[in-house]
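**Student:** This is final_6.cif (mmCIF, C-alpha atoms and all ligand atoms).
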```cif
data_model
loop_
_atom_site.label_atom_id
_atom_site.label_comp_id
_atom_site.auth_asym_id
_atom_site.auth_seq_id
_atom_site.Cartn_x
_atom_site.Cartn_y
_atom_site.Cartn_z
CA MET F 53 0.00 0.00 0.00
CA MET F 54 1.10 3.52 -0.71
CA LEU F 55 2.91 5.00 2.29
CA ASP F 56 2.09 8.66 2.46
CA GLU F 57 0.93 11.03 5.12
CA ALA F 58 -2.73 10.87 4.13
CA ALA F 59 -2.75 7.06 4.23
CA ILE F 60 -1.05 7.04 7.64
CA ARG F 61 -3.49 9.61 9.02
CA ALA F 62 -6.41 7.64 7.60
CA SER F 63 -5.14 4.49 9.25
CA LEU F 64 -4.73 6.23 12.62
CA ALA F 65 -8.23 7.67 12.38
CA GLY F 66 -9.48 4.09 12.56
CA LEU F 67 -7.61 3.30 15.76
CA ASN F 68 -10.12 2.47 18.48
CA GLY F 69 -9.59 1.48 22.09
CA PRO F 70 -11.19 -1.56 23.74
CA THR F 71 -14.45 0.36 24.29
CA GLY F 72 -14.60 1.43 20.69
CA ALA F 73 -13.66 5.01 21.49
CA LEU F 74 -11.28 6.82 19.16
CA LEU F 75 -7.77 6.86 20.60
CA LEU F 76 -6.27 9.70 18.62
CA ALA F 77 -7.89 12.91 17.51
CA ALA F 78 -6.68 14.15 14.10
CA ASP F 79 -4.86 17.09 15.68
CA GLU F 80 -2.97 14.76 18.04
CA VAL F 81 -1.00 13.48 15.08
CA VAL F 82 1.39 16.41 14.97
CA SER F 83 3.58 15.39 12.08
CA VAL F 84 4.52 12.50 9.84
CA VAL F 85 7.98 12.09 8.35
CA ILE F 86 8.43 9.56 5.56
CA GLU F 87 11.48 8.14 3.83
CA ASP F 88 10.96 5.22 1.45
CA ARG F 89 9.16 2.52 3.46
CA TRP F 90 10.02 4.11 6.81
CA ALA F 91 7.84 6.61 8.65
CA ALA F 92 7.91 8.47 11.94
CA VAL F 93 4.64 9.58 13.46
CA VAL F 94 4.90 12.32 16.06
CA LEU F 95 2.03 12.46 18.53
CA GLY F 96 1.13 15.55 20.49
CA LYS F 97 0.24 13.68 23.66
CA ASP F 98 2.10 13.90 26.94
CA GLN F 99 2.84 11.13 29.38
CA VAL F 100 1.65 8.24 27.31
CA SER F 101 2.48 4.70 28.33
CA VAL F 102 4.62 2.28 26.37
CA GLU F 103 1.45 0.23 25.90
CA PHE F 104 -0.17 3.15 24.13
CA LEU F 105 2.85 3.65 21.87
CA ARG F 106 2.81 -0.08 21.11
CA LEU F 107 -0.88 0.05 20.26
CA VAL F 108 -0.30 2.87 17.77
CA HIS F 109 2.82 1.25 16.34
CA ASP F 110 1.28 -2.18 15.88
CA HIS F 111 -1.84 -0.70 14.33
CA LEU F 112 0.28 1.09 11.72
CA TRP F 113 2.34 -2.01 11.15
CA ARG F 114 -0.79 -4.06 10.48
CA SER F 115 -1.96 -1.44 7.98
CA PHE F 116 1.42 -1.29 6.18
CA PRO F 117 3.12 -4.64 6.87
CA ASP F 118 6.16 -3.98 4.68
CA ALA F 119 6.98 -0.64 6.29
CA THR F 120 8.84 0.22 9.50
CA PHE F 121 7.48 2.76 11.93
CA GLU F 122 8.67 4.94 14.69
CA VAL F 123 6.07 6.45 17.01
CA ARG F 124 7.17 9.49 18.96
CA THR F 125 5.82 11.69 21.72
CA GLY F 126 8.17 14.44 22.78
CA SER F 127 11.48 12.63 23.04
CA ASP F 128 10.00 9.14 23.59
CA VAL F 129 10.56 6.83 20.67
CA PHE F 130 8.95 3.44 20.08
CA ARG F 131 9.77 1.14 17.16
CA GLY F 132 7.93 -2.06 18.03
CA GLY F 133 9.01 -5.11 20.02
CA SER F 134 10.54 -3.92 23.29
CA GLY F 135 10.93 -0.47 21.74
CA PHE F 136 14.08 -0.86 19.63
CA GLY F 137 12.19 -2.62 16.85
CA GLN F 138 10.41 -5.82 15.98
CA GLY F 139 12.80 -8.72 16.65
CA ARG F 140 15.49 -6.29 17.76
CA HIS F 141 16.84 -6.03 21.27
CA VAL F 142 18.77 -3.80 23.62
CA VAL F 143 20.53 -5.64 26.43
CA ALA F 144 22.18 -3.76 29.29
CA VAL F 145 25.28 -4.99 31.07
CA LEU F 146 25.10 -3.57 34.60
CA GLY F 147 27.51 -3.52 37.51
CA GLY F 148 27.02 -1.51 40.67
CA LYS F 149 30.58 -0.24 40.81
CA GLY F 150 33.25 0.69 38.32
CA GLY F 151 36.08 -1.76 37.87
CA VAL F 152 34.06 -4.96 38.23
CA GLY F 153 34.64 -5.90 34.59
CA LYS F 154 31.44 -4.59 33.04
CA SER F 155 33.17 -3.33 29.90
CA THR F 156 35.19 -6.54 29.59
CA VAL F 157 32.01 -8.61 29.81
CA ALA F 158 30.10 -6.33 27.43
CA VAL F 159 32.84 -6.53 24.77
CA SER F 160 33.29 -10.30 25.13
CA LEU F 161 29.55 -10.93 25.09
CA ALA F 162 29.03 -8.77 22.01
CA LEU F 163 31.81 -10.59 20.14
CA THR F 164 30.45 -13.95 21.23
CA LEU F 165 26.91 -13.16 20.08
CA SER F 166 28.34 -11.97 16.79
CA ALA F 167 30.34 -15.18 16.39
CA MET F 168 27.06 -17.03 16.97
CA GLY F 169 25.70 -15.35 13.86
CA LEU F 170 23.70 -12.46 15.34
CA SER F 171 24.17 -8.94 14.04
CA VAL F 172 25.44 -7.06 17.06
CA GLY F 173 26.13 -3.51 18.10
CA LEU F 174 28.03 -2.41 21.16
CA LEU F 175 27.15 0.86 22.82
CA ASP F 176 29.60 2.18 25.36
CA ALA F 177 27.43 4.20 27.71
CA ASP F 178 29.92 4.23 30.56
CA LEU F 179 29.94 7.93 31.34
CA ASN F 180 32.71 7.62 33.90
CA GLY F 181 35.20 6.07 31.54
CA PRO F 182 34.20 5.17 28.01
CA ASP F 183 36.84 2.46 27.49
CA ILE F 184 35.31 0.31 24.81
CA PRO F 185 36.87 2.09 21.82
CA HIS F 186 40.27 1.49 23.44
CA MET F 187 39.48 -2.18 24.15
CA LEU F 188 38.51 -2.70 20.52
CA GLY F 189 41.18 -0.47 19.05
CA VAL F 190 38.59 1.86 17.49
CA HIS F 191 39.93 5.34 17.03
CA PRO F 192 37.62 7.35 14.83
CA ARG F 193 39.54 10.03 13.01
CA SER F 194 36.55 12.14 12.30
CA GLY F 195 32.92 11.73 12.76
CA HIS F 196 30.87 11.99 15.86
CA ARG F 197 32.79 14.23 18.20
CA GLY F 198 30.89 17.32 19.14
CA LEU F 199 27.63 16.18 17.58
CA ASN F 200 24.86 18.30 18.88
CA TRP F 201 22.96 15.42 20.41
CA LYS F 202 20.83 17.70 22.58
CA LEU F 203 19.15 19.08 19.49
CA LEU F 204 19.14 15.82 17.60
CA THR F 205 16.96 13.97 20.06
CA SER F 206 14.01 16.28 19.71
CA THR F 207 13.97 16.33 15.95
CA VAL F 208 13.04 13.45 13.71
CA THR F 209 15.99 12.35 11.61
CA PRO F 210 15.19 9.87 8.83
CA PRO F 211 17.40 6.76 8.77
CA SER F 212 19.55 7.90 5.85
CA GLN F 213 20.60 11.05 7.70
CA ARG F 214 21.64 9.40 10.97
CA PRO F 215 25.33 9.05 11.76
CA ARG F 216 26.67 5.54 11.24
CA PRO F 217 28.33 3.66 14.06
CA GLN F 218 31.98 2.66 13.77
CA GLU F 219 32.72 -0.91 12.74
CA ARG F 220 35.25 -3.30 14.20
CA TYR F 221 35.49 -7.09 14.34
CA ARG F 222 32.06 -7.32 12.66
CA LEU F 223 30.53 -5.27 15.46
CA GLU F 224 28.92 -1.90 15.18
CA VAL F 225 30.43 0.32 17.86
CA MET F 226 29.39 3.62 19.35
CA SER F 227 30.56 5.34 22.50
CA VAL F 228 29.66 8.29 24.69
CA GLY F 229 33.35 9.02 24.26
CA PHE F 230 32.63 9.83 20.60
CA VAL F 231 29.98 12.44 21.40
CA VAL F 232 31.28 13.95 24.62
CA PRO F 233 34.71 15.45 24.11
CA GLU F 234 36.49 14.80 27.41
CA ARG F 235 36.73 12.14 30.05
CA LEU F 236 35.53 12.82 33.57
CA PRO F 237 34.23 15.16 34.70
CA LEU F 238 31.94 14.80 31.74
CA ALA F 239 29.58 17.50 30.72
CA VAL F 240 26.69 15.11 31.15
CA THR F 241 25.13 15.09 34.59
CA GLY F 242 21.62 14.97 35.81
CA ARG F 243 18.95 12.54 34.84
CA ALA F 244 17.48 14.51 31.95
CA LEU F 245 20.83 14.93 30.20
CA VAL F 246 21.95 11.35 30.72
CA SER F 247 18.61 10.13 29.47
CA THR F 248 18.66 12.39 26.42
CA MET F 249 22.14 11.34 25.47
CA LEU F 250 21.59 7.62 25.89
CA ARG F 251 18.36 7.75 23.90
CA TYR F 252 20.16 9.67 21.20
CA LEU F 253 22.84 6.98 21.08
CA ILE F 254 20.17 4.29 20.74
CA PHE F 255 17.66 5.97 18.44
CA GLY F 256 19.69 8.68 16.72
CA ILE F 257 22.38 6.39 15.32
CA ALA F 258 21.91 4.30 12.18
CA TRP F 259 22.36 0.94 13.89
CA SER F 260 21.66 -2.00 11.65
CA ALA F 261 22.35 -4.48 14.46
CA ASP F 262 19.54 -6.64 15.76
CA VAL F 263 21.06 -6.88 19.23
CA LEU F 264 22.54 -3.85 20.91
CA VAL F 265 24.69 -4.59 23.96
CA ILE F 266 25.03 -1.58 26.25
CA ASP F 267 27.92 -1.17 28.62
CA ALA F 268 25.83 0.72 31.15
CA PRO F 269 27.04 3.59 33.27
CA PRO F 270 28.15 2.42 36.71
CA GLY F 271 26.07 3.37 39.70
CA THR F 272 22.76 2.50 41.16
CA GLY F 273 21.16 5.92 41.30
CA GLU F 274 20.12 8.22 38.54
CA GLU F 275 21.92 6.28 35.80
CA LEU F 276 20.03 3.16 36.70
CA GLN F 277 16.73 5.02 36.82
CA VAL F 278 17.43 6.12 33.26
CA MET F 279 18.39 2.63 32.15
CA ALA F 280 15.33 0.99 33.67
CA HIS F 281 12.77 3.65 32.90
CA ASP F 282 13.80 5.52 29.77
CA LEU F 283 15.55 2.94 27.58
CA PRO F 284 13.91 0.16 25.57
CA LEU F 285 15.60 -2.76 27.35
CA SER F 286 14.79 -6.36 26.48
CA GLY F 287 16.94 -7.62 29.32
CA ALA F 288 19.71 -6.90 31.79
CA ILE F 289 22.82 -8.78 32.82
CA PHE F 290 24.60 -8.18 36.13
CA VAL F 291 28.35 -8.30 36.49
CA THR F 292 29.75 -8.72 39.99
CA THR F 293 33.08 -9.56 41.55
CA PRO F 294 33.93 -11.18 44.88
CA GLN F 295 35.08 -7.75 46.11
CA ASP F 296 31.59 -6.58 45.59
CA LEU F 297 31.15 -8.33 48.93
CA ALA F 298 27.72 -7.38 50.05
CA GLN F 299 26.50 -6.59 46.56
CA MET F 300 24.91 -3.87 48.57
CA ASP F 301 22.66 -2.27 46.07
CA ALA F 302 21.94 -5.36 44.08
CA GLU F 303 18.53 -5.94 45.54
CA ARG F 304 17.50 -2.35 45.04
CA THR F 305 18.67 -2.56 41.45
CA LEU F 306 16.76 -5.78 40.95
CA GLY F 307 13.67 -4.17 42.42
CA LEU F 308 13.93 -1.23 40.08
CA LEU F 309 14.35 -3.42 37.00
CA THR F 310 11.42 -5.58 38.01
CA GLU F 311 9.26 -2.56 38.69
CA HIS F 312 9.90 -1.36 35.14
CA GLY F 313 9.34 -4.79 33.65
CA VAL F 314 12.96 -5.29 32.53
CA PRO F 315 13.73 -9.02 32.59
CA VAL F 316 16.96 -9.91 34.39
CA ILE F 317 18.69 -12.46 32.19
CA GLY F 318 21.27 -13.40 34.78
CA LEU F 319 24.55 -12.78 36.48
CA VAL F 320 28.16 -13.03 35.35
CA GLN F 321 30.57 -13.61 38.20
CA ASN F 322 33.81 -11.95 37.22
CA MET F 323 37.29 -12.45 38.68
CA ALA F 324 35.67 -15.40 40.35
CA GLY F 325 38.88 -17.37 40.66
CA LEU F 326 42.41 -17.37 39.30
CA THR F 327 43.60 -19.27 36.27
CA CYS F 328 47.06 -20.63 37.03
CA PRO F 329 49.38 -19.30 34.33
CA HIS F 330 51.38 -22.56 34.43
CA CYS F 331 48.78 -25.28 34.42
CA ALA F 332 45.57 -23.38 33.46
CA GLN F 333 43.81 -24.81 36.51
CA GLU F 334 41.33 -22.54 38.22
CA ILE F 335 42.02 -21.57 41.82
CA ASP F 336 39.24 -20.19 44.03
CA LEU F 337 40.24 -16.91 45.61
CA PHE F 338 37.09 -15.75 47.34
CA SER F 339 33.68 -17.04 47.96
CA GLN F 340 31.02 -15.21 45.99
CA SER F 341 28.29 -13.24 47.66
CA THR F 342 25.01 -15.03 47.18
CA ARG F 343 22.73 -12.05 47.54
CA LEU F 344 21.73 -12.00 43.88
CA THR F 345 21.44 -15.74 43.47
CA ASP F 346 19.38 -15.85 46.67
CA ALA F 347 17.04 -13.38 45.01
CA GLY F 348 16.58 -15.82 42.16
CA VAL F 349 19.06 -14.43 39.61
CA ARG F 350 20.75 -17.24 37.77
CA VAL F 351 24.49 -17.44 37.20
CA LEU F 352 25.17 -17.40 33.47
CA GLY F 353 28.90 -17.88 33.76
CA ARG F 354 31.96 -17.48 35.89
CA ILE F 355 34.98 -15.66 34.48
CA PRO F 356 38.26 -16.27 36.31
CA PHE F 357 40.89 -13.64 36.93
CA ASP F 358 43.14 -13.90 33.91
CA VAL F 359 45.78 -11.31 33.25
CA ARG F 360 45.45 -11.92 29.50
CA LEU F 361 42.02 -10.27 29.68
CA SER F 362 43.55 -6.93 30.60
CA VAL F 363 46.64 -7.27 28.41
CA THR F 364 44.62 -8.05 25.30
CA ALA F 365 42.16 -5.26 26.20
CA ASP F 366 45.04 -2.79 26.23
CA GLN F 367 46.13 -4.03 22.82
CA GLY F 368 42.63 -3.59 21.43
CA GLU F 369 42.43 -7.31 20.62
CA PRO F 370 39.91 -8.99 22.91
CA LEU F 371 40.79 -12.38 24.35
CA VAL F 372 37.70 -14.20 23.07
CA LEU F 373 39.00 -13.49 19.56
CA GLY F 374 42.66 -14.26 20.28
CA ASP F 375 41.94 -17.51 22.10
CA PRO F 376 38.57 -18.62 20.73
CA ARG F 377 38.93 -22.17 22.03
CA GLY F 378 40.20 -21.27 25.49
CA PRO F 379 38.28 -21.61 28.76
CA ILE F 380 37.23 -17.96 28.85
CA ALA F 381 35.81 -18.04 25.33
CA TYR F 382 34.02 -21.25 26.33
CA GLU F 383 32.49 -19.56 29.36
CA PHE F 384 31.36 -16.63 27.20
CA ALA F 385 29.84 -19.06 24.72
CA LYS F 386 27.71 -20.41 27.56
CA ILE F 387 26.72 -16.88 28.53
CA GLY F 388 25.99 -15.99 24.90
CA LEU F 389 23.74 -19.01 24.45
CA ALA F 390 21.79 -18.11 27.57
CA VAL F 391 21.37 -14.54 26.36
CA ARG F 392 20.26 -15.62 22.90
CA ARG F 393 17.75 -18.01 24.42
CA ALA F 394 16.43 -15.27 26.71
CA LEU F 395 15.86 -12.97 23.73
CA GLU F 396 14.07 -15.54 21.59
P1 LIG K 401 34.26 -1.75 34.43
O1 LIG K 401 33.73 -1.60 33.04
O2 LIG K 401 33.32 -2.43 35.35
O3 LIG K 401 34.81 -0.48 35.00
P2 LIG K 401 36.52 -3.11 33.17
O4 LIG K 401 35.93 -4.13 32.27
O5 LIG K 401 37.05 -1.86 32.59
O6 LIG K 401 35.51 -2.78 34.36
O7 LIG K 401 37.64 -3.85 34.03
C1 LIG K 401 38.47 -3.17 34.95
C2 LIG K 401 39.90 -3.65 34.78
O8 LIG K 401 39.97 -5.04 35.17
C3 LIG K 401 40.39 -3.59 33.35
O9 LIG K 401 41.75 -3.29 33.38
C4 LIG K 401 40.16 -5.02 32.84
O10 LIG K 401 41.07 -5.35 31.81
C5 LIG K 401 40.43 -5.84 34.09
N1 LIG K 401 39.65 -7.09 34.14
C6 LIG K 401 38.31 -7.24 34.01
N2 LIG K 401 37.96 -8.52 34.18
C7 LIG K 401 39.09 -9.22 34.40
C8 LIG K 401 39.40 -10.61 34.64
N3 LIG K 401 38.45 -11.53 34.71
N4 LIG K 401 40.70 -10.93 34.80
C9 LIG K 401 41.68 -10.00 34.76
N5 LIG K 401 41.47 -8.70 34.55
C10 LIG K 401 40.18 -8.30 34.37
#
```
Do you think you could lay out the structure here as structure tokens?
**Tutor:**
Amino acid sequence: MMLDEAAIRASLAGLNGPTGALLLAADEVVSVVIEDRWAAVVLGKDQVSVEFLRLVHDHLWRSFPDATFEVRTGSDVFRGGSGFGQGRHVVAVLGGKGGVGKSTVAVSLALTLSAMGLSVGLLDADLNGPDIPHMLGVHPRSGHRGLNWKLLTSTVTPPSQRPRPQERYRLEVMSVGFVVPERLPLAVTGRALVSTMLRYLIFGIAWSADVLVIDAPPGTGEELQVMAHDLPLSGAIFVTTPQDLAQMDAERTLGLLTEHGVPVIGLVQNMAGLTCPHCAQEIDLFSQSTRLTDAGVRVLGRIPFDVRLSVTADQGEPLVLGDPRGPIAYEFAKIGLAVRRALE
């Protein structure tokens, strides 16, 4: 069917709620932007639920099955599925504190999912230290630095005009480090700014990946509120270390994710033991806190302390690629399978 503004408006005029009442008045469809078989519909309604956005999206999709739609209200964007698109997923890798190995796990998981045949993007959203470009050896010469993301989020940019992510090892890669010029203290503080920037990095970039792995900002406060409430997450993965003794905020974090309907896929225990450099045996160093497992979170995998993980990260050549048959790659394969299953 012809995809033009009149056809889209006509379709929306037939959108009724469960009681048969009209859901959208004609003047609540503020604007329609079309590019080929893609369209964005901007609604002039405040405070609508995700369910409402889904209703509008799926109605349009039924009317024009070969088109893709983006439904917007203010700066909220919904593209079907969990929000990122039909059959497309955003998965957050979370760790309460910095230094627990969140970035290491995010990079290794993204590469593993890619090796399993998925098309994968990696978004470095770690505001305190965007390290992923370094770990992958991605050094964009030009491109995204200084992009005016504050303006870009409130305007509708058709797919062909969105900046492309970087590419490395068959992953699409994007980092807050590409759009915010300096390391800490970053210019991005406060919930509204963090939220705007992260949503720009998800919706304003021309990702073609079906699975977007986010290296989440550390912390359990505002950043987590943004992750759980404002981003279209299909699932979350915790990373903890034995030093994270009490996993103090873990339960609060779990509560927040549950409250916002974000499924917790599981837990990766990092630096869980030591791999002997001589015999490759694993030595237990600490016992792991059981707070998360007690709360019903399943352990997806256990990554030992292995100095090669940090050495290869510094060289920009991740270990799961350099030693694809080693024990760490094997553990990540287990984690990757569990994640893929959770998304299916
Ligand atoms: P985060 O993203 O949580 O701040 P990183 O992934 O940057 O943590 O890890 C912190 C440091 O620890 C990095 O130098 C990283 O290479 C190293 N590291 C992470 N996991 C391991 C591990 N299992 N064994 C050895 N070093 C690790």
**Student:** Which of these, F:Ile317, F:Val372, F:Leu75, F:Ile184, has the shortest distance to ligand LIG 401 (chain K) once you count only C-alpha atoms and all ligand atoms?
**Tutor:**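 Of F:Ile317, F:Val372, F:Leu75, F:Ile184, the one nearest ligand LIG 401 (chain K), counting only C-alpha atoms and all ligand atoms, is F:Ile184.
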**Student:** Measuring atom to atom with all atoms listed in the file, identify which of F:Gly173, F:Gly153, F:Gly126, F:Gly147 is nearest to Leu306 in chain F.
**Tutor:**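 Of the candidates, the smallest distance to Leu306 in chain F is held by F:Gly147.
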**Student:** Of the candidates F:Leu389, F:Ala177, F:Ala91, F:Leu283, which one gets nearest to Ile60 in chain F if we count all atoms listed in the file?
**Tutor:**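 Answer, going by the shortest atom-to-atom distance: F:Ala91.
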**Student:** If you count only C-alpha atoms, which residues fall within 12 Å of Ala162 in chain F, apart from same-chain ones fewer than 4 positions away, as a VMD selection string?
**Tutor:** chain F and resid 142 to 145 155 to 158 166 to 176 184 188 220 to 225 261 to 267 370 372 to 373 381 384 to 385 387 to 389 391 to 392
**Student:** Only C-alpha atoms, please: the residues just picked out, written as a compact mmCIF listing (two decimals), in the coordinates of the input.
**Tutor:**
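Listing of out02.txt after writing:
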```txt
# COMPACT_ATOMS: atom_id res chain seq x y z
CA VAL F 142 18.77 -3.80 23.62
CA VAL F 143 20.53 -5.64 26.43
CA ALA F 144 22.18 -3.76 29.29
CA VAL F 145 25.28 -4.99 31.07
CA SER F 155 33.17 -3.33 29.90
CA THR F 156 35.19 -6.54 29.59
CA VAL F 157 32.01 -8.61 29.81
CA ALA F 158 30.10 -6.33 27.43
CA SER F 166 28.34 -11.97 16.79
CA ALA F 167 30.34 -15.18 16.39
CA MET F 168 27.06 -17.03 16.97
CA GLY F 169 25.70 -15.35 13.86
CA LEU F 170 23.70 -12.46 15.34
CA SER F 171 24.17 -8.94 14.04
CA VAL F 172 25.44 -7.06 17.06
CA GLY F 173 26.13 -3.51 18.10
CA LEU F 174 28.03 -2.41 21.16
CA LEU F 175 27.15 0.86 22.82
CA ASP F 176 29.60 2.18 25.36
CA ILE F 184 35.31 0.31 24.81
CA LEU F 188 38.51 -2.70 20.52
CA ARG F 220 35.25 -3.30 14.20
CA TYR F 221 35.49 -7.09 14.34
CA ARG F 222 32.06 -7.32 12.66
CA LEU F 223 30.53 -5.27 15.46
CA GLU F 224 28.92 -1.90 15.18
CA VAL F 225 30.43 0.32 17.86
CA ALA F 261 22.35 -4.48 14.46
CA ASP F 262 19.54 -6.64 15.76
CA VAL F 263 21.06 -6.88 19.23
CA LEU F 264 22.54 -3.85 20.91
CA VAL F 265 24.69 -4.59 23.96
CA ILE F 266 25.03 -1.58 26.25
CA ASP F 267 27.92 -1.17 28.62
CA PRO F 370 39.91 -8.99 22.91
CA VAL F 372 37.70 -14.20 23.07
CA LEU F 373 39.00 -13.49 19.56
CA ALA F 381 35.81 -18.04 25.33
CA PHE F 384 31.36 -16.63 27.20
CA ALA F 385 29.84 -19.06 24.72
CA ILE F 387 26.72 -16.88 28.53
CA GLY F 388 25.99 -15.99 24.90
CA LEU F 389 23.74 -19.01 24.45
CA VAL F 391 21.37 -14.54 26.36
CA ARG F 392 20.26 -15.62 22.90
```
**Student:** Can you measure CA of Ser362 in chain F to atom N5 of ligand LIG 401 (chain K) for me? One decimal in Å is fine.
**Tutor:**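 These two atoms are separated by 4.8 Å.
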